[in-house]
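Chemist: What follows is a structure written as structure tokens; I'll ask about it next.
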Amino acid sequence: MGHRTPLAATLAANSISTAGTSLTLIGVPWFVLETTGSAGRAGLVAFCATLPIVVAALIGGPFIDRIGRRRVAVASDAVCASAIAAIPLLHFAGVLDFWMLCVLMAVNGFAHTPGNTARYVLIPDLAAHAGTTIARAASLFDAVSRGARMVGAAVAGILIAFVGAETALLVDAATFAVSALLIAAGVRGIPAAEPRKAEAPVSLRAYGTELREGYAHLLDNRLLLAIVVMVMFMNGTDQGWYAVLLPVHAEAELGGATAIGLLTAMFGAGGLVGALLYGAVGHRFSRRAVFTVCVILCGAPRFLVAAVTGTTPPLAVTMLLGGIAGGVLNPILTTVIYERVPDRLRSRVSGALTAGCEFAMPLGGLAAGLLVEGAGATGALLAMGGVYFLATLSPLVFPSWRTLDDGPVAADGPGAEERDGPGAEEREGPEGPEGPEGPEGPGARERERPDAEGGRLGKPSVPPAGTRVSSPAPSRPSPGP
């Protein structure tokens with residue numbers, strides 16, 4: 001297997017899975033509106049889908065390390081494929097009750113988060129294995145994800161318009177299956193992808209200790225904490241936008257699901273352009289200055305435009321421009337996280353970050369549904385947009401954001417604490433504590449020159465995605481869908 005095959009397989013799997021997630025993001029709310037006609041029920045389904053995401057992120061970090069990142073990614077996609085496929089199949093059979101839909105979406109949310117996290121935290125190791133820099137791999141990871149969101153959204157709109165939401169969900173299930181196969185076949189021979197052999201014996205106490213390590217690292221870093229709080233509010237309102245507000249607005253004013261696909265694709269296209277632009281020239285500018293401007297422009301304007309217009313073109317232009325601004329954010333956030341979190345804690349801290357960033361997502365969808373039924377679509381759009389705007393003022397207000405331009409906290413970069421942490425002796429094999437590339441591998445040169453080519457290690461998102469972060473991933477700080 002070539003040195004670049006594991007990285008290529010992971011990028012391909014993530015892009016296919018992300019495209020499928022776009023189908024879910026559009027297909028499920030539209031399916032609920034078609035079958036129930038209730039914005040409140042659409043919000044309830046969004047709540048059921050996102051609450052397990054937060055729970056999985058809260059407790060899943062040590063689990064990923066113990067089971068192995070590769071195995072978790074494969075199992076996650078397999079479970080998601082089964083849960084999503086069951087929705088249209090049960091509907092065709094005439095036995096799908098509303099509570100079953102809620103349960104299946106909860107299973108999908110709970111299983112999806114560990115897989116997203118597992119792929120995300122592998123990127124630095126796969127970059128070193130492929131002989132490229134973390135900055136380039138992170139930018140590529142985000143660019144292909146945003147491109148996949150764009151394609152997935154467009155395909156979702158077309159499928160729903162011509163063959164129905166049920167068929168779109170079957171295609172979504174197929175994308176998860178393909179993603180699982182790519183990771184299973186393509187990510188081999190990477191020590192970081194396998195279970196950690198030096199961990200303490202399995203026990204509730206040991207698991208709790210490992211879990212606390214991730215949260216302690218997050219709470220001790222004020223910048224990471226500030227990122228989490230801001231993105232939490234952004235992802236919450238984004239969830240309300242995609243799960244309830246945009247479908248309701250499209251049904252009433254824009255002509256249906258095709259408009260949702262077009263608008264989401266425009267945002268994805270803008271995000272791809274933004275990520276590529278930042279990767280090319282972002283290192284020439286201050287991270288904080290670029291981030292502050294783009295975070296204000298990326299989200300709140302679309303709520304206002306949707307509230308005051310009833311046609312597609314103005315909102316499409318706003319989504320495109322907001323996507324360009326949003327595409328700049330995740331590369332910055334990803335690089336900051338990689339710089340400040342050692343490899344030994346990466347899964348655990350990433351889980352804590354995801355839990356914090358997506359903590360408000362269950363309430364975002366539910367609140368949007370209740371606001372639409374209580375205050376109307378326009379009132380709900382203005383209220384949710386106001387929350388989004390206030391959240392994005394954080395970099396202008398809080399002093400911790402001034403450290404955004406600082407370089408890596410540890411001179412050795414990711415993995416520095418791995419060599420000195422518990423179990424270091426067990427980890428030092430014939431290839432040394434740094435793994436097969438050794439301390440002088442491709443990643444080492446980049447860590448020693450944080451301001452070399454690639455600049456400030458531009459750009460994840462989070463979230464992650466909605467932070468989805470739309471991630472999901474959505475599963476890391478990821479403003480935007």
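FYI, nothing fancy with the structure tokens labels: chains A, B, ... in order, residues from 1 per chain, ligands from 1 as they appear.
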I want to know what sits within 8 Å of stretch 253-257 of chain A, based on only C-alpha atoms, with residues of the same chain fewer than 6 positions away left out; could you give that as an NGL selection string?
Modeler: :A and (26 or 30 or 157 or 160-161 or 247 or 310-312)
Chemist: Could you dump the residues just selected with C-alpha atoms as a PDB file, in the first residue's frame?
Modeler:
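Generated file (part10.pdb):
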```pdb
ATOM      1  CA  ILE A  26     -32.337  17.897   3.659  1.00  0.00           C
ATOM      2  CA  TRP A  30     -38.618  17.326   4.205  1.00  0.00           C
ATOM      3  CA  GLY A 157     -32.768  18.557  -3.951  1.00  0.00           C
ATOM      4  CA  ILE A 160     -36.474  14.732  -3.527  1.00  0.00           C
ATOM      5  CA  ALA A 161     -38.037  16.725  -6.368  1.00  0.00           C
ATOM      6  CA  PRO A 247     -37.497  23.799   4.949  1.00  0.00           C
ATOM      7  CA  GLY A 310     -39.539  35.721  -0.399  1.00  0.00           C
ATOM      8  CA  THR A 311     -37.453  34.861  -3.474  1.00  0.00           C
ATOM      9  CA  THR A 312     -34.498  32.570  -4.044  1.00  0.00           C
TER      10      THR A 312
END
```
Chemist: Do you know which residues are at most 7 Å from A:Pro362 counting only C-alpha atoms, after dropping those on the same chain fewer than 5 positions away, and could you put them as a PDB file with N, CA, C and O atoms, in the first residue's frame?
Modeler:
```pdb
ATOM      1  N   ALA A  46     -35.375  16.653  14.931  1.00  0.00           N
ATOM      2  CA  ALA A  46     -34.023  17.227  15.006  1.00  0.00           C
ATOM      3  C   ALA A  46     -33.463  17.093  16.413  1.00  0.00           C
ATOM      4  O   ALA A  46     -32.269  16.799  16.598  1.00  0.00           O
ATOM      5  N   PHE A  47     -34.302  17.292  17.421  1.00  0.00           N
ATOM      6  CA  PHE A  47     -33.870  17.128  18.812  1.00  0.00           C
ATOM      7  C   PHE A  47     -33.433  15.691  19.070  1.00  0.00           C
ATOM      8  O   PHE A  47     -32.365  15.441  19.645  1.00  0.00           O
ATOM      9  N   THR A  50     -30.017  14.930  17.365  1.00  0.00           N
ATOM     10  CA  THR A  50     -28.801  15.617  17.798  1.00  0.00           C
ATOM     11  C   THR A  50     -28.455  15.400  19.272  1.00  0.00           C
ATOM     12  O   THR A  50     -27.281  15.490  19.636  1.00  0.00           O
ATOM     13  N   LEU A  51     -29.431  15.115  20.123  1.00  0.00           N
ATOM     14  CA  LEU A  51     -29.105  14.863  21.525  1.00  0.00           C
ATOM     15  C   LEU A  51     -28.138  13.691  21.681  1.00  0.00           C
ATOM     16  O   LEU A  51     -27.157  13.785  22.439  1.00  0.00           O
TER      17      LEU A  51
END
```
Chemist: What does the distance from atom CA of A:Met100 to atom CA of A:Ile84 come to in Å, to one decimal?
Modeler: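 Going from atom CA of A:Met100 over to atom CA of A:Ile84, I get 11.6 Å.
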Chemist: Pick out the residues sitting within 7 Å of A:Ala352, and hand them over as a PyMOL selection string; count only C-alpha atoms, and ignore anything fewer than 2 positions along from it in its own chain.
Modeler: chain A and resi 57-58+214-215+348-350+354-356
Chemist: Next, write the just-selected residues to a file, as a JSON list (two decimals), in the first residue's frame, keeping C-alpha atoms as the atom set.
Modeler:
```json
[["chain", "number", "residue", "atom", "x", "y", "z"],
["A", 57, "ALA", "CA", -19.22, 13.04, 22.18],
["A", 58, "LEU", "CA", -19.33, 13.45, 25.97],
["A", 214, "GLY", "CA", -9.68, 15.33, 27.83],
["A", 215, "TYR", "CA", -12.00, 17.76, 29.62],
["A", 348, "ARG", "CA", -10.46, 12.57, 24.20],
["A", 349, "VAL", "CA", -10.12, 16.32, 23.68],
["A", 350, "SER", "CA", -11.82, 16.07, 20.28],
["A", 354, "THR", "CA", -17.51, 18.06, 19.88],
["A", 355, "ALA", "CA", -19.74, 17.70, 22.94],
["A", 356, "GLY", "CA", -19.33, 21.37, 23.78]]
```
Chemist: Contacts of A:Leu363 at 10 Å or less, counting only C-alpha atoms, minus same-chain residues fewer than 4 places along, as a PDB file with all heavy atoms, in the first residue's frame?
Modeler:
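Below is the file that was written, part_6.pdb:
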```pdb
ATOM      1  N   GLY A  43     -38.925  19.828  14.322  1.00  0.00           N
ATOM      2  CA  GLY A  43     -38.008  20.222  15.377  1.00  0.00           C
ATOM      3  C   GLY A  43     -37.773  19.115  16.381  1.00  0.00           C
ATOM      4  O   GLY A  43     -36.647  18.925  16.879  1.00  0.00           O
ATOM      5  N   LEU A  44     -38.817  18.331  16.696  1.00  0.00           N
ATOM      6  CA  LEU A  44     -38.674  17.221  17.638  1.00  0.00           C
ATOM      7  C   LEU A  44     -37.764  16.130  17.073  1.00  0.00           C
ATOM      8  O   LEU A  44     -36.932  15.567  17.795  1.00  0.00           O
ATOM      9  CB  LEU A  44     -40.048  16.644  17.971  1.00  0.00           C
ATOM     10  CG  LEU A  44     -40.077  15.488  18.978  1.00  0.00           C
ATOM     11  CD1 LEU A  44     -39.454  15.914  20.308  1.00  0.00           C
ATOM     12  CD2 LEU A  44     -41.504  14.992  19.187  1.00  0.00           C
ATOM     13  N   ALA A  46     -35.375  16.653  14.931  1.00  0.00           N
ATOM     14  CA  ALA A  46     -34.023  17.227  15.006  1.00  0.00           C
ATOM     15  C   ALA A  46     -33.463  17.093  16.413  1.00  0.00           C
ATOM     16  O   ALA A  46     -32.269  16.799  16.598  1.00  0.00           O
ATOM     17  CB  ALA A  46     -34.061  18.697  14.586  1.00  0.00           C
ATOM     18  N   PHE A  47     -34.302  17.292  17.421  1.00  0.00           N
ATOM     19  CA  PHE A  47     -33.870  17.128  18.812  1.00  0.00           C
ATOM     20  C   PHE A  47     -33.433  15.691  19.070  1.00  0.00           C
ATOM     21  O   PHE A  47     -32.365  15.441  19.645  1.00  0.00           O
ATOM     22  CB  PHE A  47     -35.015  17.517  19.753  1.00  0.00           C
ATOM     23  CG  PHE A  47     -34.714  17.277  21.211  1.00  0.00           C
ATOM     24  CD1 PHE A  47     -34.029  18.223  21.941  1.00  0.00           C
ATOM     25  CD2 PHE A  47     -35.129  16.117  21.845  1.00  0.00           C
ATOM     26  CE1 PHE A  47     -33.750  18.021  23.290  1.00  0.00           C
ATOM     27  CE2 PHE A  47     -34.857  15.890  23.187  1.00  0.00           C
ATOM     28  CZ  PHE A  47     -34.168  16.856  23.909  1.00  0.00           C
ATOM     29  N   CYS A  48     -34.238  14.731  18.626  1.00  0.00           N
ATOM     30  CA  CYS A  48     -33.905  13.323  18.829  1.00  0.00           C
ATOM     31  C   CYS A  48     -32.643  12.918  18.073  1.00  0.00           C
ATOM     32  O   CYS A  48     -31.890  12.041  18.521  1.00  0.00           O
ATOM     33  CB  CYS A  48     -35.073  12.444  18.376  1.00  0.00           C
ATOM     34  SG  CYS A  48     -36.558  12.622  19.382  1.00  0.00           S
ATOM     35  N   THR A  50     -30.017  14.930  17.365  1.00  0.00           N
ATOM     36  CA  THR A  50     -28.801  15.617  17.798  1.00  0.00           C
ATOM     37  C   THR A  50     -28.455  15.400  19.272  1.00  0.00           C
ATOM     38  O   THR A  50     -27.281  15.490  19.636  1.00  0.00           O
ATOM     39  CB  THR A  50     -28.916  17.123  17.532  1.00  0.00           C
ATOM     40  OG1 THR A  50     -30.155  17.611  18.065  1.00  0.00           O
ATOM     41  CG2 THR A  50     -28.877  17.419  16.042  1.00  0.00           C
ATOM     42  N   LEU A  51     -29.431  15.115  20.123  1.00  0.00           N
ATOM     43  CA  LEU A  51     -29.105  14.863  21.525  1.00  0.00           C
ATOM     44  C   LEU A  51     -28.138  13.691  21.681  1.00  0.00           C
ATOM     45  O   LEU A  51     -27.157  13.785  22.439  1.00  0.00           O
ATOM     46  CB  LEU A  51     -30.382  14.616  22.332  1.00  0.00           C
ATOM     47  CG  LEU A  51     -30.181  14.358  23.831  1.00  0.00           C
ATOM     48  CD1 LEU A  51     -29.513  15.558  24.498  1.00  0.00           C
ATOM     49  CD2 LEU A  51     -31.514  14.026  24.508  1.00  0.00           C
ATOM     50  N   GLY A 236     -26.022  25.598  17.289  1.00  0.00           N
ATOM     51  CA  GLY A 236     -27.407  25.493  17.720  1.00  0.00           C
ATOM     52  C   GLY A 236     -28.354  26.215  16.774  1.00  0.00           C
ATOM     53  O   GLY A 236     -29.394  25.684  16.374  1.00  0.00           O
ATOM     54  N   THR A 237     -28.002  27.435  16.403  1.00  0.00           N
ATOM     55  CA  THR A 237     -28.856  28.181  15.474  1.00  0.00           C
ATOM     56  C   THR A 237     -28.782  27.607  14.060  1.00  0.00           C
ATOM     57  O   THR A 237     -29.776  27.621  13.333  1.00  0.00           O
ATOM     58  CB  THR A 237     -28.461  29.668  15.458  1.00  0.00           C
ATOM     59  OG1 THR A 237     -27.039  29.788  15.294  1.00  0.00           O
ATOM     60  CG2 THR A 237     -28.862  30.344  16.754  1.00  0.00           C
ATOM     61  N   GLN A 239     -28.524  24.460  13.388  1.00  0.00           N
ATOM     62  CA  GLN A 239     -29.414  23.309  13.405  1.00  0.00           C
ATOM     63  C   GLN A 239     -30.865  23.741  13.217  1.00  0.00           C
ATOM     64  O   GLN A 239     -31.629  23.112  12.484  1.00  0.00           O
ATOM     65  CB  GLN A 239     -29.251  22.543  14.728  1.00  0.00           C
ATOM     66  CG  GLN A 239     -30.164  21.342  14.882  1.00  0.00           C
ATOM     67  CD  GLN A 239     -29.854  20.227  13.901  1.00  0.00           C
ATOM     68  OE1 GLN A 239     -28.805  20.239  13.247  1.00  0.00           O
ATOM     69  NE2 GLN A 239     -30.743  19.256  13.787  1.00  0.00           N
ATOM     70  N   GLY A 240     -31.249  24.823  13.884  1.00  0.00           N
ATOM     71  CA  GLY A 240     -32.592  25.358  13.689  1.00  0.00           C
ATOM     72  C   GLY A 240     -32.840  25.779  12.255  1.00  0.00           C
ATOM     73  O   GLY A 240     -33.934  25.582  11.704  1.00  0.00           O
ATOM     74  N   GLU A 358     -21.518  21.038  20.057  1.00  0.00           N
ATOM     75  CA  GLU A 358     -22.823  20.582  19.596  1.00  0.00           C
ATOM     76  C   GLU A 358     -23.844  20.492  20.730  1.00  0.00           C
ATOM     77  O   GLU A 358     -24.950  19.984  20.531  1.00  0.00           O
ATOM     78  CB  GLU A 358     -22.669  19.233  18.887  1.00  0.00           C
ATOM     79  CG  GLU A 358     -21.728  19.334  17.688  1.00  0.00           C
ATOM     80  CD  GLU A 358     -21.662  18.076  16.858  1.00  0.00           C
ATOM     81  OE1 GLU A 358     -22.183  17.028  17.314  1.00  0.00           O
ATOM     82  OE2 GLU A 358     -21.093  18.124  15.758  1.00  0.00           O
ATOM     83  N   PHE A 359     -23.487  21.018  21.887  1.00  0.00           N
ATOM     84  CA  PHE A 359     -24.355  20.922  23.056  1.00  0.00           C
ATOM     85  C   PHE A 359     -25.711  21.584  22.823  1.00  0.00           C
ATOM     86  O   PHE A 359     -26.749  21.113  23.302  1.00  0.00           O
ATOM     87  CB  PHE A 359     -23.664  21.569  24.261  1.00  0.00           C
ATOM     88  CG  PHE A 359     -24.391  21.388  25.556  1.00  0.00           C
ATOM     89  CD1 PHE A 359     -24.305  20.183  26.244  1.00  0.00           C
ATOM     90  CD2 PHE A 359     -25.166  22.406  26.092  1.00  0.00           C
ATOM     91  CE1 PHE A 359     -24.979  20.000  27.437  1.00  0.00           C
ATOM     92  CE2 PHE A 359     -25.848  22.233  27.286  1.00  0.00           C
ATOM     93  CZ  PHE A 359     -25.754  21.018  27.966  1.00  0.00           C
ATOM     94  N   ALA A 367     -36.184  24.526  19.438  1.00  0.00           N
ATOM     95  CA  ALA A 367     -36.581  25.927  19.626  1.00  0.00           C
ATOM     96  C   ALA A 367     -37.082  26.538  18.323  1.00  0.00           C
ATOM     97  O   ALA A 367     -38.063  27.299  18.317  1.00  0.00           O
ATOM     98  CB  ALA A 367     -35.399  26.738  20.159  1.00  0.00           C
ATOM     99  N   ALA A 368     -36.441  26.198  17.205  1.00  0.00           N
ATOM    100  CA  ALA A 368     -36.875  26.734  15.921  1.00  0.00           C
ATOM    101  C   ALA A 368     -38.295  26.278  15.595  1.00  0.00           C
ATOM    102  O   ALA A 368     -39.127  27.068  15.124  1.00  0.00           O
ATOM    103  CB  ALA A 368     -35.910  26.317  14.819  1.00  0.00           C
ATOM    104  N   GLY A 369     -38.582  24.998  15.829  1.00  0.00           N
ATOM    105  CA  GLY A 369     -39.925  24.497  15.581  1.00  0.00           C
ATOM    106  C   GLY A 369     -40.975  25.186  16.427  1.00  0.00           C
ATOM    107  O   GLY A 369     -42.051  25.564  15.943  1.00  0.00           O
TER     108      GLY A 369
END
```
Chemist: Hey, which of A:Gly37, A:Pro124, A:Gly20, A:Pro6 ends up closest to A:Met150? Count only C-alpha atoms.
Modeler: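 Looking at the shortest contact to A:Met150, the residue is A:Gly20.
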Chemist: Give the answer as one residue: which of A:Leu262, A:Ala137, A:Leu23, A:Leu90 has the shortest atom-to-atom distance to A:Ala174, using only C-alpha atoms?
Modeler: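 Checking each candidate against A:Ala174, we get A:Leu23 as the closest.
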